[in-house]
file entry29.cif (mmCIF, C-alpha atoms; chains and numbers go by the auth columns)
data_final
loop_
_atom_site.group_PDB
_atom_site.id
_atom_site.type_symbol
_atom_site.label_atom_id
_atom_site.label_comp_id
_atom_site.label_asym_id
_atom_site.label_seq_id
_atom_site.Cartn_x
_atom_site.Cartn_y
_atom_site.Cartn_z
_atom_site.B_iso_or_equiv
_atom_site.auth_seq_id
_atom_site.auth_asym_id
ATOM 1 C CA MET A 1 0.000 0.000 0.000 0.00 183 P
ATOM 2 C CA GLY A 2 3.002 2.248 0.494 0.00 184 P
ATOM 3 C CA PHE A 3 3.909 1.900 -3.174 0.00 185 P
ATOM 4 C CA GLY A 4 0.281 2.573 -4.040 0.00 186 P
ATOM 5 C CA LEU A 5 0.737 6.063 -2.595 0.00 187 P
ATOM 6 C CA LEU A 6 3.162 6.733 -5.461 0.00 188 P
ATOM 7 C CA TRP A 7 1.013 5.350 -8.281 0.00 189 P
ATOM 8 C CA THR A 8 -2.032 6.700 -10.103 0.00 190 P
ATOM 9 C CA PRO A 9 -4.450 9.105 -8.407 0.00 191 P
ATOM 10 C CA LEU A 10 -7.118 6.435 -7.867 0.00 192 P
ATOM 11 C CA ILE A 11 -4.663 3.872 -6.472 0.00 193 P
ATOM 12 C CA ARG A 12 -3.102 6.613 -4.320 0.00 194 P
ATOM 13 C CA ARG A 13 -6.464 7.501 -2.744 0.00 195 P
ATOM 14 C CA LEU A 14 -7.453 3.867 -2.196 0.00 196 P
ATOM 15 C CA SER A 15 -4.083 3.080 -0.587 0.00 197 P
ATOM 16 C CA ALA A 16 -4.400 6.103 1.693 0.00 198 P
ATOM 17 C CA ILE A 17 -7.895 5.045 2.785 0.00 199 P
ATOM 18 C CA ALA A 18 -6.743 1.469 3.444 0.00 200 P
ATOM 19 C CA LEU A 19 -3.787 2.695 5.502 0.00 201 P
ATOM 20 C CA ILE A 20 -6.028 5.048 7.493 0.00 202 P
ATOM 21 C CA ILE A 21 -8.291 2.097 8.315 0.00 203 P
ATOM 22 C CA ILE A 22 -5.304 -0.008 9.416 0.00 204 P
ATOM 23 C CA PHE A 23 -3.819 2.758 11.571 0.00 205 P
ATOM 24 C CA THR A 24 -7.205 3.529 13.113 0.00 206 P
ATOM 25 C CA ALA A 25 -7.857 -0.150 13.848 0.00 207 P
ATOM 26 C CA ALA A 26 -4.481 -0.362 15.621 0.00 208 P
ATOM 27 C CA VAL A 27 -5.489 2.349 18.110 0.00 209 P
ATOM 28 C CA TRP A 28 -7.993 0.081 19.898 0.00 210 P
ATOM 29 C CA PRO A 29 -5.558 -2.695 20.961 0.00 211 P
ATOM 30 C CA PHE A 30 -2.455 -0.507 21.361 0.00 212 P
ATOM 31 C CA GLY A 31 -3.989 2.629 22.856 0.00 213 P
ATOM 32 C CA ARG A 32 -3.340 6.320 22.792 0.00 214 P
ATOM 33 C CA VAL A 33 0.404 5.929 22.433 0.00 215 P
ATOM 34 C CA ASP A 34 -0.170 4.417 19.014 0.00 216 P
ATOM 35 C CA LEU A 35 -2.530 7.248 18.106 0.00 217 P
ATOM 36 C CA ILE A 36 0.017 9.852 19.184 0.00 218 P
ATOM 37 C CA GLY A 37 2.816 8.102 17.315 0.00 219 P
ATOM 38 C CA HIS A 38 0.893 7.645 14.080 0.00 220 P
ATOM 39 C CA GLY A 39 -1.291 10.759 14.250 0.00 221 P
ATOM 40 C CA LEU A 40 0.860 12.815 11.894 0.00 222 P
ATOM 41 C CA ILE A 41 1.005 9.972 9.387 0.00 223 P
ATOM 42 C CA MET A 42 -2.759 9.582 9.583 0.00 224 P
ATOM 43 C CA ALA A 43 -3.244 13.331 9.002 0.00 225 P
ATOM 44 C CA ILE A 44 -1.095 13.195 5.869 0.00 226 P
ATOM 45 C CA LEU A 45 -3.036 10.142 4.660 0.00 227 P
ATOM 46 C CA VAL A 46 -6.308 12.042 5.106 0.00 228 P
ATOM 47 C CA ALA A 47 -4.859 14.860 3.007 0.00 229 P
ATOM 48 C CA VAL A 48 -3.788 12.375 0.319 0.00 230 P
ATOM 49 C CA ALA A 49 -7.225 10.715 0.340 0.00 231 P
ATOM 50 C CA CYS A 50 -8.941 14.114 -0.062 0.00 232 P
ATOM 51 C CA ASP A 51 -6.642 15.289 -2.900 0.00 233 P
ATOM 52 C CA GLN A 52 -8.704 15.988 -6.040 0.00 234 P
ATOM 53 C CA CYS A 53 -5.746 16.009 -8.452 0.00 235 P
ATOM 54 C CA ARG A 54 -6.258 13.632 -11.382 0.00 236 P
ATOM 55 C CA VAL A 55 -2.804 14.007 -12.926 0.00 237 P
ATOM 56 C CA THR A 56 0.014 11.504 -12.431 0.00 238 P
ATOM 57 C CA ARG A 57 3.131 13.504 -11.632 0.00 239 P
ATOM 58 C CA PHE A 58 5.372 10.965 -9.914 0.00 240 P
ATOM 59 C CA LEU A 59 7.653 8.851 -12.139 0.00 241 P
ATOM 60 C CA PRO A 60 5.617 8.915 -15.352 0.00 242 P
ATOM 61 C CA SER A 61 8.545 7.411 -17.290 0.00 243 P
ATOM 62 C CA LEU A 62 8.620 4.416 -14.925 0.00 244 P
ATOM 63 C CA LYS A 63 4.986 3.713 -15.584 0.00 245 P
ATOM 64 C CA ILE A 64 5.686 3.666 -19.330 0.00 246 P
ATOM 65 C CA HIS A 65 8.351 0.967 -18.784 0.00 247 P
ATOM 66 C CA LEU A 66 6.143 -1.147 -16.523 0.00 248 P
ATOM 67 C CA PRO A 67 6.455 -4.334 -18.657 0.00 249 P
ATOM 68 C CA ALA A 68 10.227 -4.389 -17.940 0.00 250 P
ATOM 69 C CA ILE A 69 9.717 -4.810 -14.183 0.00 251 P
ATOM 70 C CA PRO A 70 9.100 -8.617 -14.117 0.00 252 P
ATOM 71 C CA GLY A 71 12.257 -9.211 -16.171 0.00 253 P
ATOM 72 C CA GLY A 72 14.258 -7.021 -13.797 0.00 254 P
ATOM 73 C CA ILE A 73 12.934 -8.888 -10.772 0.00 255 P
ATOM 74 C CA ALA A 74 13.828 -12.232 -12.405 0.00 256 P
ATOM 75 C CA ALA A 75 17.357 -10.988 -13.165 0.00 257 P
ATOM 76 C CA VAL A 76 17.841 -9.863 -9.562 0.00 258 P
ATOM 77 C CA LEU A 77 16.604 -13.254 -8.332 0.00 259 P
ATOM 78 C CA VAL A 78 19.148 -15.030 -10.555 0.00 260 P
ATOM 79 C CA VAL A 79 21.972 -12.780 -9.312 0.00 261 P
ATOM 80 C CA PHE A 80 20.949 -13.248 -5.668 0.00 262 P
ATOM 81 C CA ALA A 81 20.603 -17.057 -5.928 0.00 263 P
ATOM 82 C CA THR A 82 23.909 -17.370 -7.792 0.00 264 P
ATOM 83 C CA GLY A 83 25.675 -15.262 -5.184 0.00 265 P
ATOM 84 C CA TYR A 84 24.115 -17.171 -2.287 0.00 266 P
ATOM 85 C CA TRP A 85 24.914 -20.639 -3.606 0.00 267 P
ATOM 86 C CA GLY A 86 28.309 -19.509 -4.886 0.00 268 P
ATOM 87 C CA LEU A 87 29.296 -18.301 -1.423 0.00 269 P
ATOM 88 C CA HIS A 88 27.895 -21.497 0.118 0.00 270 P
ATOM 89 C CA PHE A 89 30.075 -23.538 -2.217 0.00 271 P
ATOM 90 C CA ALA A 90 33.115 -21.340 -1.434 0.00 272 P
ATOM 91 C CA PHE A 91 32.653 -21.659 2.340 0.00 273 P
ATOM 92 C CA TYR A 92 31.581 -25.309 2.666 0.00 274 P
ATOM 93 C CA GLY A 93 32.793 -27.043 -0.485 0.00 275 P
ATOM 94 C CA ALA A 94 30.901 -29.172 -2.971 0.00 276 P
ATOM 95 C CA SER A 95 29.477 -31.669 -0.463 0.00 277 P
ATOM 96 C CA GLY A 96 28.882 -29.170 2.328 0.00 278 P
ATOM 97 C CA PHE A 97 30.263 -29.500 5.842 0.00 279 P
ATOM 98 C CA THR A 98 29.305 -33.018 6.925 0.00 280 P
ATOM 99 C CA ALA A 99 31.808 -33.764 9.711 0.00 281 P
ATOM 100 C CA PRO A 100 30.498 -34.535 13.205 0.00 282 P
ATOM 101 C CA ALA A 101 30.755 -31.943 15.944 0.00 283 P
ATOM 102 C CA MET A 102 34.196 -31.825 17.544 0.00 284 P
ATOM 103 C CA ILE A 103 33.123 -31.596 21.199 0.00 285 P
ATOM 104 C CA GLU A 104 29.902 -31.636 23.157 0.00 286 P
ATOM 105 C CA ARG A 105 29.062 -28.201 24.416 0.00 287 P
ATOM 106 C CA ALA A 106 27.028 -27.315 27.490 0.00 288 P
ATOM 107 C CA THR A 107 26.024 -24.012 28.998 0.00 289 P
ATOM 108 C CA HIS A 108 26.821 -25.172 32.540 0.00 290 P
ATOM 109 C CA SER A 109 28.060 -28.181 34.446 0.00 291 P
ATOM 110 C CA HIS A 110 25.513 -30.542 35.956 0.00 292 P
ATOM 111 C CA ASN A 111 24.753 -30.024 39.651 0.00 293 P
ATOM 112 C CA PRO A 112 21.811 -30.473 42.068 0.00 294 P
ATOM 113 C CA GLU A 113 20.899 -26.758 41.976 0.00 295 P
ATOM 114 C CA GLN A 114 20.498 -26.803 38.199 0.00 296 P
ATOM 115 C CA PRO A 115 19.348 -30.332 37.288 0.00 297 P
ATOM 116 C CA HIS A 116 19.347 -29.956 33.523 0.00 298 P
ATOM 117 C CA GLY A 117 20.740 -32.422 31.072 0.00 299 P
ATOM 118 C CA PRO A 118 21.271 -36.165 31.582 0.00 300 P
ATOM 119 C CA ILE A 119 19.609 -37.774 34.592 0.00 301 P
ATOM 120 C CA SER A 120 21.494 -40.189 36.834 0.00 302 P
ATOM 121 C CA ASP A 121 20.107 -43.007 39.006 0.00 303 P
ATOM 122 C CA THR A 122 19.774 -40.635 41.970 0.00 304 P
ATOM 123 C CA GLY A 123 17.377 -38.393 40.051 0.00 305 P
ATOM 124 C CA ILE A 124 19.545 -35.311 39.849 0.00 306 P
ATOM 125 C CA GLY A 125 21.625 -33.997 37.003 0.00 307 P
ATOM 126 C CA ALA A 126 24.297 -36.486 36.060 0.00 308 P
ATOM 127 C CA PRO A 127 27.914 -35.429 36.502 0.00 309 P
ATOM 128 C CA PRO A 128 29.844 -34.897 33.301 0.00 310 P
ATOM 129 C CA THR A 129 31.561 -38.007 31.994 0.00 311 P
ATOM 130 C CA LYS A 130 35.268 -37.842 31.392 0.00 312 P
#
call {"tool": "encode", "arguments": {"input": "entry29.cif", "output": "structure tokens"}}
result
Amino acid sequence: MGFGLLWTPLIRRLSAIALIIIFTAAVWPFGRVDLIGHGLIMAILVAVACDQCRVTRFLPSLKIHLPAIPGGIAAVLVVFATGYWGLHFAFYGASGFTAPAMIERATHSHNPEQPHGPISDTGIGAPPTK
């Protein structure tokens, strides 16, 4: 809806109205603090919704090239996926890191005050095995 505020006059007004509804609906569960924080944004959205201008002034050349957007998004996806998997291959190799963990790690040693981890026959945390 944020991008809709930059588009045609009709889409701009509809996006502003939808955002006003969302911001207003958020006041009930979150209270006056939310109203105070978003009040200025809501006032601007009311002004946008009441604007009677029917001329598109923002990025008219972009709107002419609209059919090129899906191809651009696909190209960015290919670049991103190639970079991600290329770095994964560079860091971990062709088969990935498959070795077992070197040591067992624990956040604390086992004791009666903090009985986490393995349980011994006595019912308290088992002492670490060495």
call {"tool": "resolve_selection", "arguments": {"input": "entry29.cif", "expression": "the PyMOL selection byres ((chain P and resi 198) around 9)", "output": "PyMOL selection string"}}
result
chain P and resi 183-184+186-187+193-197+199-203+224+226-231
call {"tool": "closest_residue", "arguments": {"input": "entry29.cif", "among": "P:Ala272, P:Leu248, P:Val237, P:Ala257", "to": "P:Leu192", "atoms": "all atoms listed in the file"}}
result
P:Val237
call {"tool": "atom_distance", "arguments": {"input": "entry29.cif", "atom1": "atom CA of P:Thr190", "atom2": "atom CA of P:Pro252"}}
result
19.4 Å
call {"tool": "atom_distance", "arguments": {"input": "entry29.cif", "atom1": "atom CA of P:Ile246", "atom2": "atom CA of P:Trp189"}}
result
12.1 Å
call {"tool": "atom_distance", "arguments": {"input": "entry29.cif", "atom1": "atom CA of P:Ser277", "atom2": "atom CA of P:Phe262"}}
result
21.0 Å
call {"tool": "residues_around", "arguments": {"input": "entry29.cif", "residues": "P:Asp216", "least_positions_apart": "5", "cutoff": "12 Å", "atoms": "all atoms listed in the file", "output": "JSON, numbers by chain"}}
result
{"P": [204, 205, 206, 207, 208, 209, 210, 211, 221, 222, 223, 224]}
call {"tool": "write_last_selection", "arguments": {"input": "entry29.cif", "atoms": "C-alpha atoms", "output": "compact mmCIF listing (two decimals), in the coordinates of the input"}}
result
# COMPACT_ATOMS: atom_id res chain seq x y z
CA ILE P 204 -5.30 -0.01 9.42
CA PHE P 205 -3.82 2.76 11.57
CA THR P 206 -7.20 3.53 13.11
CA ALA P 207 -7.86 -0.15 13.85
CA ALA P 208 -4.48 -0.36 15.62
CA VAL P 209 -5.49 2.35 18.11
CA TRP P 210 -7.99 0.08 19.90
CA PRO P 211 -5.56 -2.70 20.96
CA GLY P 221 -1.29 10.76 14.25
CA LEU P 222 0.86 12.82 11.89
CA ILE P 223 1.00 9.97 9.39
CA MET P 224 -2.76 9.58 9.58
